[in-house]
Amino acid sequence: MKRLQGKVALITGCASPNGIGFAIARLFSAEGARVFLADIDTDSLTARASELSSLTPEIYPLSFDITADQAWQDALGTIDAHFGRLDILVNNAGILIPRLLQESTLEDWSAQLDVNLLGTFLGTKHGANLMRRHGTGSIINISSVAGLIGVPTNSAYSATKGGIRLFSKCAAIELAPAGIRVNTIHPGFITTDIQIAAQKSMGDDYQRMLEKVPMKRSGVVDDVAYSAVYLASDESNYVTGSELVIDGGLTAS
Amino acid sequence: MKSRFKSKVAIVTGGGSGIGQGCAKALAQQGATVVVVDANINNAEKVTHSISEQGGSASAVQCDISNAEAVNQAFHNIANEHGSIDLAVNSAGIACPNLFTADTQESDFDRVIAVNLKGIWACMRAELQQMLKQGSGSIVNIASTMSLRVHPGNSLYVASKFGVAGLTRTAAVEYAESGIRVNAICPGSVHTAMFSGAVTDSKEFSVLKSLHPMNRLGTPEEIANAVLWLSSDEASFVTGALLAVDGGWTAQ
C-alpha cells in the first residue's frame with residue numbers, strides 16, 4: 001500500500017522543472033496519488049505533466065490564475081467533475097522579488113501579496129469547500145523561513161509568508177471540526193530557480209545568510225517534498241495548525 | 001516487515017509504555033533493531049516480547065535515566081553489543097501533581113526535573129558521544145505542547161519541557177555539521193497510562209480535550225508516525241525542529 005494511494009491532490013506552482021511544486025507532484029504520484037498540477041504558465045505546465053505522465057497515467061495539468069476567485073471555482077469544478085472529491089491541496093505557488101524596502105514599488109508589493117497570500121487564501125477557502133463533502137482533507141500551505149525570521153530585501157515576501165503561517169493556523173482551528181487539516185511548511189535555503197535568482201540579486205546578503213545555516217549547505221527540493229508527503233498522508237492525522245521547518249537548523253540557531 | 005530502517009539500531013527510552021512503546025513498535029515494524037530502555041524492566045520486556053512475536057528485533061534494558069552514570073554505562077553496553085546507535089528516541093518522562101506554583105513541593109520539582117530534563121540531557125549526552133564516533137545519527141526528543149504553551153497547575157512539567165526544547169535546539173546547532181540531527185516532537189494530550197494517571201478528574205479531562213481543536217486526544221501511533229519521519233533520511237535537512245503533533249492545540 002502506497003502512502004497516498006488513491007488520494008486526489010492539487011498542487012499549485014508546478015511549472016518550474018527545478019521547483020518545489022513539481023518535486024511534490026513527482027513524489028505524490030510515486031506514492032499513488034492522482035495529481036492535478038496547476039500553474040499559470042500553460043506551456044511549461046504541459047511539459048511537466050507529460051514528463052510525469054510517462055511514469056503514471058494519473059496526471060492532470062490544470063492551467064489557471066490562482067489570484068482569480070472564479071478561476072479557483074472553475075478549477076475545483078473540474079476536479080469535482082472528474083473525481084467528486086479533493087483529498088490534498090498544496091498551495092505552493094509563490095514569487096519573490098528581493099528588493100530593499102526603500103527601493104520597493106507598490107507593484108512589487110502587490111504582485112507578491114496577490115500570488116503568495118491571496119492565492120493561498122482563495123485556494124484554502126475553495127479547496128476546503130470541496131473537501132468538506134467527505135469530511136476529510138489535508139491542506140498544505142508553503143510558507144518559508146522568511147515567515148519566521150526577518151530577511152533583508154524580503155520585506156514584502158516575509159509579510160506574505162508570515163501571513164500564510166498565521167492564516168493557516170486560523171484555518172486549522174476553524175476546519176478541525178470538518179476533519180480538514182491545515183499545516184505549513186517552512187523551507188529554508190533550497191536549491192530552486194527562485195533561490196538561484198535570489199542568490200544573484202542579493203549577492204553578499206545571500207551568502208551571509210547561507211553561512212548562518214548550521215548544516216552549512218542548501219537543501220534540495222525533495223527534502224521539502226518528503227515533508228509534504230508526511231503531511232498529506234494519514235500518518236499525520238493528529239497534525240494540524242502545525243509548522244514543519246526544513247532549514248538545516250537555520251531558525252533553531 | 002517493512003525496511004525503512006533496515007540495519008539501523010534504535011534506542012527508545014521510556015519504551016516500556018505510552019508514546020515510547022508506540023515508537024519502539026513502529027521502529028521495529030520498519031526494520032530497526034530496537035533497544036527498549038525503561039526504568040521498569042517488566043514493561044520493557046513486555047514490549048520486546050510483543051515486537052518479537054511480530055517478527056521484529058528488540059531487546060530490553062533496565063535503566064533509571066535520572067542517574068547519568070547509569071545511563072553512560074547502559075548506553076556504552078548497548079553500543080558495544082550492537083556496534084552503533086543510529087537512532088535515538090528519548091521518550092521517558094513523568095507527569096507532576098496538578099498544583100499551582102505556590103503549592104508545589106521541592107520533592108516534586110526535583111523528581112520532575114531529574115527525569116524530564118536531566119534524564120533527557122544524560123541520554124542525549126551519551127547518544128551524542130556515540131554518534132560523534134560514527135559521524136551520523138538522529139535524535140528525536142519527546143517534548144510536549146507544554147514546551148510551547150503553558151497550562152495552569154503544571155508549572156514544573158512546563159519548566160522541564162521548555163528545558164527539553166532548549167536542549168534540542170542547542171544540540172541541533174552544535175552538531176549540524178557532524179551529521180547528527182536533533183529534533184523534538186511536541187505532542188498534545190495522548191492516550192497513555194501517564195495521562196490517565198495524571199488526569200483522573202473528568203472535568204479536567206474535558207477541559208484538556210477541548211483545548212485540542214480536533215476535540216480528541218492523540219494516540220501513541222500518531223506520535224510514532226512523526227518520529228518515523230524525523231528519524232528517516234527523508235528528513236535529512238531537518239534539524240532543531242519542534243514539531244507539534246497536537247490536534248491543533250498550539251495553533252491557537
# chains A, B, ... in the order shown; residues from 1 in each chain; ligands from 1
>>> residues_around(residues="A:Glu103", least_positions_apart="4", cutoff="12 Å", atoms="only C-alpha atoms", output="list in words")
Ile97, Pro98, Arg99, Glu107, Asp108, Trp109, Thr153, Asn154, Ser155 and Ala156 of chain A
>>> interface_residues(of="chain B", to="chain A", cutoff="8 Å", atoms="only C-alpha atoms", output="PyMOL selection string")
chain B and resi 169-170+172-174+176-177+213-215+218+222+225-226+229+234-241+243-252
>>> select_by_dssp(residues="stretch 148-216 of chain A", states="strand (DSSP E)", output="PDB file with C-alpha atoms, in the first residue's frame")
ATOM      1  CA  ILE A 180      -9.761  19.105   7.405  1.00  0.00           C
ATOM      2  CA  ARG A 181      -6.161  19.627   8.485  1.00  0.00           C
ATOM      3  CA  VAL A 182      -4.161  22.748   7.584  1.00  0.00           C
ATOM      4  CA  ASN A 183      -0.408  22.968   8.094  1.00  0.00           C
ATOM      5  CA  THR A 184       2.539  24.989   6.836  1.00  0.00           C
ATOM      6  CA  ILE A 185       5.961  24.006   5.570  1.00  0.00           C
ATOM      7  CA  HIS A 186       8.823  26.464   6.045  1.00  0.00           C
ATOM      8  CA  PRO A 187      11.683  25.727   3.660  1.00  0.00           C
TER       9      PRO A 187
END
>>> residues_around(residues="A:Asp87", least_positions_apart="3", cutoff="7 Å", atoms="only C-alpha atoms", output="ChimeraX atom specification")
/A:7-9,131,136-138
>>> residues_around(residues="B:Ala70", least_positions_apart="3", cutoff="12 Å", atoms="only C-alpha atoms", output="MDAnalysis selection string")
chainID B and resid 37 39 61:67 73:77 119 122:123 126
>>> closest_residue(among="A:Gln102, A:Thr120, A:Ala197, A:Met202", to="A:Val151", atoms="only C-alpha atoms")
A:Met202
>>> closest_residue(among="B:Gly22, B:Gly56, B:Pro97, B:Gly137", to="B:Val199", atoms="only C-alpha atoms")
B:Pro97
>>> atom_distance(atom1="atom CA of A:Ala33", atom2="atom CA of A:Phe121")
23.8 Å
>>> residues_around(residues="A:Leu55", least_positions_apart="2", cutoff="12 Å", atoms="only C-alpha atoms", output="ChimeraX atom specification")
/A:25-32,48-53,57-59
>>> atom_distance(atom1="atom CA of A:Gln199", atom2="atom CA of A:Ala146")
14.8 Å
>>> atom_distance(atom1="atom CA of A:Trp72", atom2="atom CA of A:Tyr60")
15.5 Å
>>> residues_around(residues="B:Val12", least_positions_apart="6", cutoff="8 Å", atoms="only C-alpha atoms", output="JSON, numbers by chain")
{"B": [20, 23, 24, 34, 35, 36, 37, 88, 89, 90, 91]}
>>> write_last_selection(atoms="C-alpha atoms", output="mmCIF file, in the first residue's frame")
data_model
loop_
_atom_site.group_PDB
_atom_site.id
_atom_site.type_symbol
_atom_site.label_atom_id
_atom_site.label_comp_id
_atom_site.auth_asym_id
_atom_site.auth_seq_id
_atom_site.Cartn_x
_atom_site.Cartn_y
_atom_site.Cartn_z
ATOM 1 C CA GLY B 20 7.761 5.259 23.854
ATOM 2 C CA CYS B 23 7.695 4.406 18.887
ATOM 3 C CA ALA B 24 9.539 1.167 19.726
ATOM 4 C CA VAL B 34 15.224 -1.679 18.828
ATOM 5 C CA VAL B 35 16.640 -1.396 22.337
ATOM 6 C CA VAL B 36 13.798 -0.655 24.737
ATOM 7 C CA VAL B 37 15.171 1.255 27.722
ATOM 8 C CA ALA B 88 17.501 7.572 19.476
ATOM 9 C CA VAL B 89 14.040 8.456 20.704
ATOM 10 C CA ASN B 90 14.096 9.995 24.160
ATOM 11 C CA SER B 91 10.572 9.461 25.370
#
>>> select_by_dssp(residues="stretch 4-158 of chain B", states="alpha helix (DSSP H)", output="PyMOL selection string")
chain B and resi 18-29+41-53+68-82+106-112+119-134+155-158
>>> residues_around(residues="stretch 148-159 of chain B", least_positions_apart="5", cutoff="10 Å", atoms="only C-alpha atoms", output="PyMOL selection string")
chain B and resi 93-105+108-113+116-117+143+164-165+186+208+242+244+249-250+252
>>> closest_residue(among="B:Asp86, B:Glu221, B:Glu53, B:Asp201", to="B:Gly135", atoms="only C-alpha atoms")
B:Asp86
